[in-house]
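Since the structure comes first, as structure tokens, the remarks are kept for the end.
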Amino acid sequence: MKKEIIINLSIFILLLSILLFLLKILNLFISGPPRYYELVYNLESGNLKYKKEKLVNYKSKKNSIEKDDFYKYNFDNYKDFQFSGPIINAGCGGLESGVHELFFVSDKKGFRENVDNLYEKTDYVLLGDSFAMSICENRPYDLKSQLQKLNNNFTYLNLGIHNINYVKQLSVLLNITKDTEFDTLIWFFYEGNDYNDSIDKYDSYNAFQSSQAYEYENKDFNHSIPKHVDKIDYYLNKKFEITNFYKFKVWLAETVNGLSSLLKFFKKYDKLLNEDEYNEALKIAKKYLNTKNISNRYIYYIPSWQRLANHKSRKIGLYKKNPQIKQLDQLKNSVKKISEENGFIFVDGENKFINLKDPLKVFYYKLNTHFNKVGYKILAEDVYNKIIVSWK
């Protein structure tokens, strides 16, 4: 009896070892996004924001980040920068680095760190969502600062706001820059979610009050409402109970991602973009830019975490055959076609990121966050080389 138990246990251990070995092989070549939702979030209590912050907190404890040497504002020095608005707490740190918060000084219209005279004249207008804004990355590691570091001879009016998609971005462009003289528009399209909007909302968005750029109602659990502050504390001190079972769930979610990615080859993905509505939005933008004689207009396409998480399958030629990548390629091709039909130059950022040795290093702890300072540095370099140098 004892001998049978030992034999059965040995067989079980052998089979388990073989299974883990096969999962490891799959992760080396087909690994995609880990199954955090199914194996971590869905098995935890609390709202989704809390669950995501817990995962980020756990990762931040396991992975030390570089020393925080970003510029730190205080109430004695922030006016030295000639930004006319108050200091804002972006309320995003728990979902990003898990270590530090973003504090920035707003301008007269509520956007991030623009001197007011840029609303009269600037070389470049940067338009987009949280990636254009560089949510949760402090100066000098944000996109605009990185561009200025590459060449400080040009000026940039940054109109990026987190959690807005292309229709509200269009409203920002038309309402905020109507009295602004500028040479070039760089409009960022983030592949991960910028397609989630409807042109039917455009008229209501046109009631957008520029003085309230960071006061809009925000019901999305992923984002806190940025708010004025009377105290600056950059560092987070959130406490989470990290049990061994929690660590196991995270490990399991990351171990089976190769297998789950393989199963995706049998899944059908829906079309993401309403092409007619996006075309209508760009038609409005085209007409507006024509009236201002702005011929230098670009759509810069930022690849998503979902795309970059599938980078390992390129080793064995399965990357382009992945149905999720086909879905994202369809989105990209639609944005490119519609952009070019409306007089925009389409700039594809995929190759710059996917060809990195580890494309996921541009995100905090390789999680589905916004870019870290490495990501914004790479983004700035690509924008500079493909757009700014190309015509100046």
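Ordering of the structure tokens sets the chain letters (A, B, ...), residue numbers begin anew at 1 in every chain, and ligands are numbered from 1 in the order given.
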
task = Report the residues of segment 56-166 of chain A whose backbone DSSP state falls under helix (DSSP H, G or I), written as a PyMOL selection string.
result = chain A and resi 56-62+78-81+93-95+116-119+130-133+143-150+166

Output file for the selection above: N, CA and C atoms, as an mmCIF file, in the first residue's frame:
```cif
data_model
loop_
_atom_site.group_PDB
_atom_site.id
_atom_site.type_symbol
_atom_site.label_atom_id
_atom_site.label_comp_id
_atom_site.auth_asym_id
_atom_site.auth_seq_id
_atom_site.Cartn_x
_atom_site.Cartn_y
_atom_site.Cartn_z
ATOM 1 N N VAL A 56 -0.889 46.111 -8.435
ATOM 2 C CA VAL A 56 0.215 47.056 -8.661
ATOM 3 C C VAL A 56 1.081 47.164 -7.409
ATOM 4 N N ASN A 57 0.433 47.246 -6.249
ATOM 5 C CA ASN A 57 1.177 47.328 -4.992
ATOM 6 C C ASN A 57 2.066 46.105 -4.791
ATOM 7 N N TYR A 58 1.525 44.923 -5.061
ATOM 8 C CA TYR A 58 2.300 43.685 -4.937
ATOM 9 C C TYR A 58 3.487 43.688 -5.890
ATOM 10 N N LYS A 59 3.252 44.115 -7.122
ATOM 11 C CA LYS A 59 4.337 44.158 -8.107
ATOM 12 C C LYS A 59 5.398 45.196 -7.725
ATOM 13 N N SER A 60 4.947 46.302 -7.159
ATOM 14 C CA SER A 60 5.906 47.342 -6.783
ATOM 15 C C SER A 60 6.824 46.872 -5.659
ATOM 16 N N LYS A 61 6.308 45.974 -4.802
ATOM 17 C CA LYS A 61 7.128 45.435 -3.723
ATOM 18 C C LYS A 61 8.137 44.405 -4.264
ATOM 19 N N LYS A 62 7.738 43.692 -5.313
ATOM 20 C CA LYS A 62 8.616 42.682 -5.894
ATOM 21 C C LYS A 62 9.650 43.276 -6.838
ATOM 22 N N TYR A 78 6.175 76.826 -7.279
ATOM 23 C CA TYR A 78 5.475 76.447 -8.506
ATOM 24 C C TYR A 78 5.150 77.656 -9.387
ATOM 25 N N LYS A 79 4.981 78.831 -8.818
ATOM 26 C CA LYS A 79 4.676 80.005 -9.630
ATOM 27 C C LYS A 79 5.891 80.520 -10.403
ATOM 28 N N ASP A 80 7.066 80.027 -10.032
ATOM 29 C CA ASP A 80 8.260 80.398 -10.788
ATOM 30 C C ASP A 80 8.190 79.893 -12.222
ATOM 31 N N PHE A 81 7.357 78.910 -12.481
ATOM 32 C CA PHE A 81 7.262 78.326 -13.819
ATOM 33 C C PHE A 81 6.246 79.055 -14.691
ATOM 34 N N GLY A 93 -1.735 57.389 -8.889
ATOM 35 C CA GLY A 93 -0.543 56.620 -8.525
ATOM 36 C C GLY A 93 -0.790 55.183 -8.138
ATOM 37 N N GLY A 94 -1.922 54.915 -7.474
ATOM 38 C CA GLY A 94 -2.201 53.554 -7.038
ATOM 39 C C GLY A 94 -2.378 52.577 -8.170
ATOM 40 N N LEU A 95 -2.769 53.080 -9.348
ATOM 41 C CA LEU A 95 -2.988 52.231 -10.516
ATOM 42 C C LEU A 95 -1.804 52.205 -11.462
ATOM 43 N N ASP A 116 0.736 80.328 -20.414
ATOM 44 C CA ASP A 116 -0.483 80.824 -21.033
ATOM 45 C C ASP A 116 -0.281 81.378 -22.441
ATOM 46 N N ASN A 117 0.902 81.934 -22.732
ATOM 47 C CA ASN A 117 1.080 82.520 -24.064
ATOM 48 C C ASN A 117 1.103 81.473 -25.181
ATOM 49 N N LEU A 118 1.194 80.191 -24.817
ATOM 50 C CA LEU A 118 1.125 79.151 -25.843
ATOM 51 C C LEU A 118 -0.261 79.056 -26.448
ATOM 52 N N TYR A 119 -1.260 79.584 -25.768
ATOM 53 C CA TYR A 119 -2.612 79.605 -26.332
ATOM 54 C C TYR A 119 -2.756 80.686 -27.399
ATOM 55 N N SER A 130 -4.788 60.276 -22.084
ATOM 56 C CA SER A 130 -3.829 60.204 -20.989
ATOM 57 C C SER A 130 -2.396 59.976 -21.454
ATOM 58 N N PHE A 131 -2.201 59.384 -22.639
ATOM 59 C CA PHE A 131 -0.850 59.183 -23.130
ATOM 60 C C PHE A 131 -0.242 60.500 -23.605
ATOM 61 N N ALA A 132 -1.038 61.365 -24.207
ATOM 62 C CA ALA A 132 -0.543 62.694 -24.572
ATOM 63 C C ALA A 132 -0.273 63.512 -23.315
ATOM 64 N N MET A 133 -1.155 63.380 -22.335
ATOM 65 C CA MET A 133 -0.990 64.094 -21.073
ATOM 66 C C MET A 133 0.186 63.542 -20.263
ATOM 67 N N LEU A 143 5.862 63.238 -21.682
ATOM 68 C CA LEU A 143 6.094 63.334 -23.123
ATOM 69 C C LEU A 143 6.583 64.714 -23.544
ATOM 70 N N LYS A 144 5.906 65.758 -23.085
ATOM 71 C CA LYS A 144 6.272 67.108 -23.498
ATOM 72 C C LYS A 144 7.690 67.463 -23.055
ATOM 73 N N SER A 145 8.044 67.139 -21.820
ATOM 74 C CA SER A 145 9.396 67.424 -21.334
ATOM 75 C C SER A 145 10.444 66.643 -22.126
ATOM 76 N N GLN A 146 10.117 65.403 -22.487
ATOM 77 C CA GLN A 146 11.050 64.581 -23.264
ATOM 78 C C GLN A 146 11.250 65.172 -24.661
ATOM 79 N N LEU A 147 10.199 65.703 -25.254
ATOM 80 C CA LEU A 147 10.326 66.352 -26.563
ATOM 81 C C LEU A 147 11.186 67.609 -26.459
ATOM 82 N N GLN A 148 10.974 68.375 -25.401
ATOM 83 C CA GLN A 148 11.774 69.592 -25.213
ATOM 84 C C GLN A 148 13.234 69.263 -24.965
ATOM 85 N N LYS A 149 13.477 68.133 -24.328
ATOM 86 C CA LYS A 149 14.853 67.706 -24.081
ATOM 87 C C LYS A 149 15.565 67.387 -25.385
ATOM 88 N N LEU A 150 14.831 66.821 -26.336
ATOM 89 C CA LEU A 150 15.419 66.494 -27.640
ATOM 90 C C LEU A 150 15.732 67.752 -28.440
ATOM 91 N N TYR A 166 -11.756 60.029 -28.982
ATOM 92 C CA TYR A 166 -11.517 60.911 -30.125
ATOM 93 C C TYR A 166 -12.577 61.996 -30.325
#
```

query = Where does DSSP see strand (DSSP E) in segment 287-336 of chain A, if you list the residues as an NGL selection string?
reply = :A and (296-302)

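Distance annotation: of A:Gly258, A:Gly85, A:Glu277, A:Ser106, the residue with the minimal separation from Ser313 of chain A is A:Gly258; atom set is only C-alpha atoms.
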
Pick from A:Ile387, A:Arg112, A:Asp276, A:Val125, whichever lies nearest to Asn138 of chain A using only C-alpha atoms = A:Arg112

Please identify all polymer residues within 7 Å of Leu185 of chain A, counting only C-alpha atoms, omitting same-chain residues fewer than 6 positions from it, and present them as a short mmCIF file (atom, residue, chain, number, x, y, z; two decimals) with N, CA and C atoms, in the first residue's frame.
```
data_model
loop_
_atom_site.label_atom_id
_atom_site.label_comp_id
_atom_site.auth_asym_id
_atom_site.auth_seq_id
_atom_site.Cartn_x
_atom_site.Cartn_y
_atom_site.Cartn_z
N TYR A 124 3.66 73.47 -31.95
CA TYR A 124 2.94 72.20 -32.01
C TYR A 124 1.79 72.19 -31.01
N VAL A 125 0.69 71.61 -31.45
CA VAL A 125 -0.41 71.27 -30.55
C VAL A 125 -0.40 69.76 -30.40
N LEU A 126 -0.32 69.29 -29.16
CA LEU A 126 -0.39 67.87 -28.84
C LEU A 126 -1.81 67.58 -28.35
N ASN A 296 0.13 70.87 -41.81
CA ASN A 296 0.93 69.85 -41.12
C ASN A 296 0.06 69.23 -40.02
N ARG A 297 -0.52 68.09 -40.34
CA ARG A 297 -1.44 67.42 -39.42
C ARG A 297 -1.14 65.93 -39.42
N TYR A 298 -0.95 65.40 -38.22
CA TYR A 298 -0.52 64.01 -38.08
C TYR A 298 -1.44 63.26 -37.12
#
```

task = Show which residues sit within 9 Å of segment 345-354 of chain A, as a list in words. Count only C-alpha atoms, and ignore same-chain residues fewer than 6 positions away.
result =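 Those residues are Asn296, Arg297, Tyr298, Ile299, Tyr300, Tyr301, Ile302, Pro303, Ser304, Arg307, Leu308, His311, Lys332, Val335, Lys336, Lys337, Ser339, Leu360, Val362, Gly375, Ile378, Leu379, Asp382, Val383, Lys386 and Ile387 of chain A.
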
message = Ranking A:Glu341, A:Asp129, A:Asp270, A:Glu254 by minimum distance to Tyr190 of chain A and counting only C-alpha atoms, which one comes first?
response =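 Among the listed residues, the smallest separation from Tyr190 of chain A belongs to A:Asp129.
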
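Proximity ranking of A:His100, A:Lys373, A:Lys201, A:Lys54 relative to Leu236 of chain A places A:His100 first, based on only C-alpha atoms.
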